[in-house]
$ cat input34.tsv   # TSV, C-alpha atoms
chain	number	residue	atom	x	y	z
A	1	MET	CA	4.63	22.20	-13.54
A	2	ARG	CA	2.35	19.80	-15.42
A	3	ILE	CA	0.24	17.62	-13.13
A	4	ILE	CA	-0.31	14.04	-14.26
A	5	PRO	CA	-3.59	12.47	-13.07
A	6	GLN	CA	-3.09	9.51	-10.72
A	7	ASP	CA	-5.35	7.25	-12.75
A	8	GLN	CA	-3.09	7.79	-15.78
A	9	ILE	CA	-0.04	6.73	-13.74
A	10	LEU	CA	-1.93	3.70	-12.41
A	11	GLN	CA	-2.87	2.70	-15.98
A	12	ASN	CA	0.73	2.93	-17.17
A	13	TYR	CA	2.51	1.42	-14.16
A	14	SER	CA	1.65	-1.47	-11.84
A	15	ARG	CA	1.70	-1.02	-8.07
A	16	LYS	CA	4.88	-3.11	-7.99
A	17	GLU	CA	6.59	-0.91	-10.61
A	18	ILE	CA	5.64	2.21	-8.68
A	19	ARG	CA	6.94	0.65	-5.47
A	20	ASP	CA	10.21	-0.37	-7.12
A	21	PHE	CA	10.85	3.12	-8.53
A	22	VAL	CA	10.00	4.90	-5.28
A	23	TYR	CA	11.78	2.38	-3.06
A	24	GLY	CA	14.89	2.66	-5.24
A	25	TYR	CA	14.92	6.42	-4.76
A	26	ALA	CA	14.27	6.19	-1.01
A	27	CYS	CA	17.18	3.79	-0.53
A	28	LEU	CA	19.72	6.10	-2.16
A	29	PRO	CA	21.94	8.36	-0.04
A	30	PHE	CA	20.42	11.75	0.80
A	31	SER	CA	23.12	13.42	-1.33
A	32	PHE	CA	21.68	11.74	-4.45
A	33	SER	CA	19.00	14.08	-5.80
A	34	LEU	CA	15.62	13.18	-7.19
A	35	TYR	CA	16.67	14.72	-10.50
A	36	GLN	CA	19.73	12.49	-10.73
A	37	TYR	CA	17.55	9.46	-9.99
A	38	ILE	CA	14.85	10.18	-12.58
A	39	CYS	CA	17.48	10.74	-15.29
A	40	GLY	CA	18.79	7.24	-14.58
A	41	CYS	CA	15.25	5.81	-14.73
A	42	ASN	CA	14.28	7.77	-17.83
A	43	LEU	CA	11.21	9.29	-16.12
A	44	GLU	CA	9.79	12.80	-16.22
A	45	ILE	CA	9.79	14.70	-12.92
A	46	GLU	CA	5.99	15.04	-12.97
A	47	THR	CA	5.56	11.30	-13.47
A	48	PHE	CA	7.89	10.44	-10.62
A	49	GLU	CA	6.36	12.98	-8.23
A	50	SER	CA	2.95	11.47	-8.99
A	51	MET	CA	4.42	8.02	-8.30
A	52	ILE	CA	5.66	9.24	-4.92
A	53	SER	CA	2.20	10.60	-4.04
A	54	ILE	CA	0.48	7.41	-5.19
A	55	SER	CA	2.97	5.17	-3.37
A	56	ILE	CA	2.11	6.96	-0.12
A	57	SER	CA	-1.63	7.55	-0.47
A	58	HIS	CA	-2.35	4.08	-1.94
A	59	CYS	CA	-0.32	2.22	0.74
A	60	ILE	CA	2.27	0.90	-1.70
A	61	VAL	CA	5.33	1.72	0.42
A	62	SER	CA	5.87	1.24	4.16
A	63	ASP	CA	5.62	3.96	6.80
A	64	LYS	CA	9.40	3.89	7.10
A	65	ILE	CA	9.78	4.71	3.40
A	66	VAL	CA	7.21	7.52	3.74
A	67	ASP	CA	9.33	9.04	6.51
A	68	ILE	CA	12.47	8.84	4.34
A	69	LEU	CA	10.66	10.42	1.38
A	70	GLU	CA	9.48	13.27	3.57
A	71	GLN	CA	12.99	13.82	4.94
A	72	LYS	CA	14.36	13.93	1.38
A	73	ALA	CA	11.66	16.42	0.32
A	74	VAL	CA	12.43	18.65	3.30
A	75	LEU	CA	16.14	18.48	2.50
A	76	THR	CA	15.44	19.44	-1.11
A	77	ALA	CA	13.31	22.38	0.04
A	78	TYR	CA	16.06	23.39	2.45
A	79	ASN	CA	18.78	23.24	-0.21
A	80	TYR	CA	16.99	24.73	-3.19
A	81	SER	CA	14.37	27.15	-1.93
A	82	GLU	CA	14.74	30.86	-1.43
A	83	THR	CA	11.63	30.95	0.74
A	84	LEU	CA	12.84	28.29	3.12
A	85	GLU	CA	10.20	28.42	5.84
A	86	SER	CA	7.19	28.40	3.53
A	87	SER	CA	8.71	25.64	1.36
A	88	ILE	CA	9.32	23.36	4.33
A	89	ARG	CA	5.84	24.09	5.68
A	90	SER	CA	4.42	23.22	2.24
A	91	VAL	CA	6.30	19.89	2.22
A	92	LYS	CA	5.07	19.07	5.73
A	93	THR	CA	1.46	19.91	4.79
A	94	ARG	CA	1.68	17.80	1.62
A	95	TYR	CA	2.97	14.78	3.55
A	96	ASP	CA	0.35	15.22	6.29
A	97	ASN	CA	-2.34	15.17	3.57
A	98	LEU	CA	-0.82	12.09	1.92
A	99	ARG	CA	-0.68	10.28	5.28
A	100	ASP	CA	-4.32	11.17	5.87
A	101	CYS	CA	-5.25	9.74	2.44
A	102	ARG	CA	-3.19	6.66	3.30
A	103	LYS	CA	-5.25	5.99	6.43
A	104	LYS	CA	-8.50	6.21	4.44
A	105	PHE	CA	-7.40	4.31	1.34
A	106	SER	CA	-9.19	1.06	0.56
A	107	PHE	CA	-9.73	-1.14	-2.45
A	108	SER	CA	-13.10	-1.63	-4.09
A	109	ASN	CA	-15.04	-4.79	-3.21
A	110	VAL	CA	-14.00	-6.40	-6.50
A	111	GLU	CA	-10.33	-5.53	-5.88
A	112	VAL	CA	-10.52	-6.95	-2.34
A	113	MET	CA	-12.09	-10.16	-3.61
A	114	ASN	CA	-9.50	-10.54	-6.38
A	115	LEU	CA	-6.63	-9.80	-4.00
A	116	ILE	CA	-7.77	-12.40	-1.46
A	117	VAL	CA	-8.44	-15.05	-4.09
A	118	LYS	CA	-5.00	-14.40	-5.57
A	119	TYR	CA	-3.42	-14.66	-2.12
A	120	ALA	CA	-5.28	-17.91	-1.36
A	121	SER	CA	-3.86	-19.41	-4.57
A	122	SER	CA	-0.31	-18.13	-4.10
A	123	PRO	CA	2.47	-20.10	-2.40
A	124	PHE	CA	3.65	-17.01	-0.47
A	125	PRO	CA	3.03	-16.06	3.15
A	126	GLN	CA	1.47	-12.62	3.67
A	127	LYS	CA	4.67	-10.53	3.80
A	128	GLU	CA	6.09	-12.04	0.61
A	129	PHE	CA	2.74	-11.80	-1.15
A	130	CYS	CA	2.49	-8.11	-0.25
A	131	LYS	CA	5.92	-7.49	-1.74
A	132	THR	CA	4.96	-9.17	-5.00
A	133	GLU	CA	1.71	-7.16	-5.19
A	134	GLY	CA	3.08	-3.75	-4.17
A	135	ILE	CA	0.88	-3.41	-1.10
A	136	THR	CA	1.62	-2.72	2.54
A	137	LEU	CA	0.98	-5.49	5.03
A	138	TYR	CA	-1.35	-3.17	6.95
A	139	LEU	CA	-3.57	-2.55	3.89
A	140	PHE	CA	-3.53	-6.23	2.98
A	141	GLN	CA	-4.63	-7.25	6.49
A	142	ARG	CA	-7.42	-4.63	6.50
A	143	SER	CA	-8.58	-5.90	3.09
A	144	PHE	CA	-8.28	-9.52	4.23
A	145	VAL	CA	-10.52	-8.95	7.26
A	146	ARG	CA	-13.02	-6.92	5.24
A	147	GLY	CA	-13.19	-9.55	2.50
A	148	ILE	CA	-13.92	-12.35	4.94
A	149	CYS	CA	-16.25	-10.48	7.28
A	150	THR	CA	-18.38	-8.95	4.52
A	151	CYS	CA	-18.65	-12.19	2.54
A	152	LEU	CA	-16.70	-10.96	-0.49
A	153	VAL	CA	-15.06	-14.37	-0.74
A	154	SER	CA	-16.69	-17.79	-0.75
A	155	ASP	CA	-16.63	-20.35	2.05
A	156	ASN	CA	-14.28	-22.42	-0.10
A	157	ILE	CA	-11.76	-19.54	-0.25
A	158	LEU	CA	-12.19	-19.02	3.48
A	159	SER	CA	-11.24	-22.67	4.07
A	160	ARG	CA	-8.16	-22.29	1.86
A	161	LEU	CA	-7.16	-19.15	3.75
A	162	TYR	CA	-7.48	-20.95	7.06
A	163	GLU	CA	-5.33	-23.86	5.83
A	164	LYS	CA	-2.74	-21.44	4.51
A	165	SER	CA	-2.70	-19.50	7.79
A	166	ILE	CA	-2.17	-22.72	9.75
A	167	LEU	CA	0.63	-23.71	7.38
A	168	HIS	CA	2.54	-20.45	7.96
A	169	ALA	CA	1.65	-19.97	11.65
A	170	THR	CA	4.08	-20.04	14.53
A	171	ASP	CA	1.18	-20.41	16.98
A	172	LYS	CA	-1.80	-22.36	15.67
A	173	SER	CA	-4.02	-21.31	18.59
A	174	ASP	CA	-3.67	-17.66	17.50
A	175	VAL	CA	-4.88	-18.64	14.02
A	176	ASP	CA	-7.81	-20.57	15.50
A	177	ASN	CA	-8.78	-17.59	17.66
A	178	LEU	CA	-8.53	-15.16	14.73
A	179	TYR	CA	-10.68	-17.32	12.46
A	180	LYS	CA	-13.30	-17.82	15.20
A	181	ILE	CA	-13.63	-14.02	15.39
A	182	LEU	CA	-13.70	-13.64	11.60
A	183	ILE	CA	-16.27	-16.41	11.13
A	184	GLN	CA	-18.50	-14.92	13.86
A	185	ALA	CA	-18.29	-11.48	12.19
A	186	ARG	CA	-19.05	-13.13	8.83
A	187	SER	CA	-22.06	-14.93	10.32
A	188	ASN	CA	-23.36	-11.68	11.85
A	189	TYR	CA	-22.96	-9.92	8.50
A	190	GLN	CA	-24.83	-12.73	6.70
A	191	GLN	CA	-27.73	-12.47	9.17
A	192	GLU	CA	-27.89	-8.67	9.01
A	193	HIS	CA	-27.83	-8.65	5.21
A	194	HIS	CA	-29.96	-11.80	4.73
A	195	ILE	CA	-27.22	-13.67	2.87
A	196	THR	CA	-27.66	-17.43	2.61
$ encode --input "input34.tsv" --output "structure tokens"
Amino acid sequence: MRIIPQDQILQNYSRKEIRDFVYGYACLPFSFSLYQYICGCNLEIETFESMISISISHCIVSDKIVDILEQKAVLTAYNYSETLESSIRSVKTRYDNLRDCRKKFSFSNVEVMNLIVKYASSPFPQKEFCKTEGITLYLFQRSFVRGICTCLVSDNILSRLYEKSILHATDKSDVDNLYKILIQARSNYQQEHHIT
């Protein structure tokens, strides 16, 4: 099987497109095979398998979708493999590795800054914004905290983020407490790195 480099897939497809393809497959009944799906999408099997790997390792789809994809892969191995035990073990190992990559995945500093600035300017609350960007809420929140605490965004953007958080909050005191912690961490970072 031909292996397509992930960076080639990421150049040809946006995170949202990858999420839409993979999510569409995950939502189909288990009786609907991957091969049937890719024929309907006009994709090559290698391209779609790379999309599945990227969607997991780059935090594009939720943990729930990852579980469904793994179950479908195990079912495929069970139905179509002559060496059942080793095939299932191979699927399990592959998904363990992808989940490990998922935990470690992070955007570059420039990507974090751009993501936060884009979010600050968007009308969407976090969950909706994450859907439009093809990113899990968990990765967005990690990036959000990192961007603020390590001074990747300006004080002006920080103020806009605070206003937006207050606007969408159910409990304003939770927002105040969160931003006190973030601003303290930001201040500590500025002192440690001599940022004025």
$ residues_around --input "input34.tsv" --residues "range 108-113 of chain A" --least-positions-apart "5" --cutoff "6 Å" --atoms "all atoms listed in the file" --output "number ranges by chain"
A: 143, 152-153
$ residues_around --input "input34.tsv" --residues "range 35-51 of chain A" --least-positions-apart "2" --cutoff "12 Å" --atoms "all atoms listed in the file" --output "VMD selection string"
chain A and resid 1 to 33 53 to 61 69 73 76 94 98
$ closest_residue --input "input34.tsv" --among "A:Gln190, A:Gln126, A:Gln71, A:Thr196" --to "Ser165 in chain A" --atoms "only C-alpha atoms"
A:Gln126
$ atom_distance --input "input34.tsv" --atom1 "CA of His193 in chain A" --atom2 "CA of Thr150 in chain A"
9.5 Å
$ residues_around --input "input34.tsv" --residues "range 114-118 of chain A" --least-positions-apart "6" --cutoff "12 Å" --atoms "all atoms listed in the file" --output "ChimeraX atom specification"
/A:107-108,124-126,129-130,132-135,139-148,151-161,164
$ atom_distance --input "input34.tsv" --atom1 "CA of Thr93 in chain A" --atom2 "CA of Glu70 in chain A"
10.5 Å
$ atom_distance --input "input34.tsv" --atom1 "CA of Cys101 in chain A" --atom2 "CA of Tyr179 in chain A"
29.4 Å
$ closest_residue --input "input34.tsv" --among "A:Leu137, A:Cys149, A:Leu84, A:Val91" --to "Ile183 in chain A" --atoms "only C-alpha atoms"
A:Cys149
$ axis_aligned_box --input "input34.tsv" --around "range 31-46 of chain A" --padding-each-side "5 Å" --output "JSON"
{"center_x": 14.6, "center_y": 10.4, "center_z": -9.6, "size_x": 27.1, "size_y": 19.2, "size_z": 26.5}
$ closest_residue --input "input34.tsv" --among "A:Ile65, A:Ala120, A:Val74, A:Ala169" --to "Lys92 in chain A" --atoms "all atoms listed in the file"
A:Val74
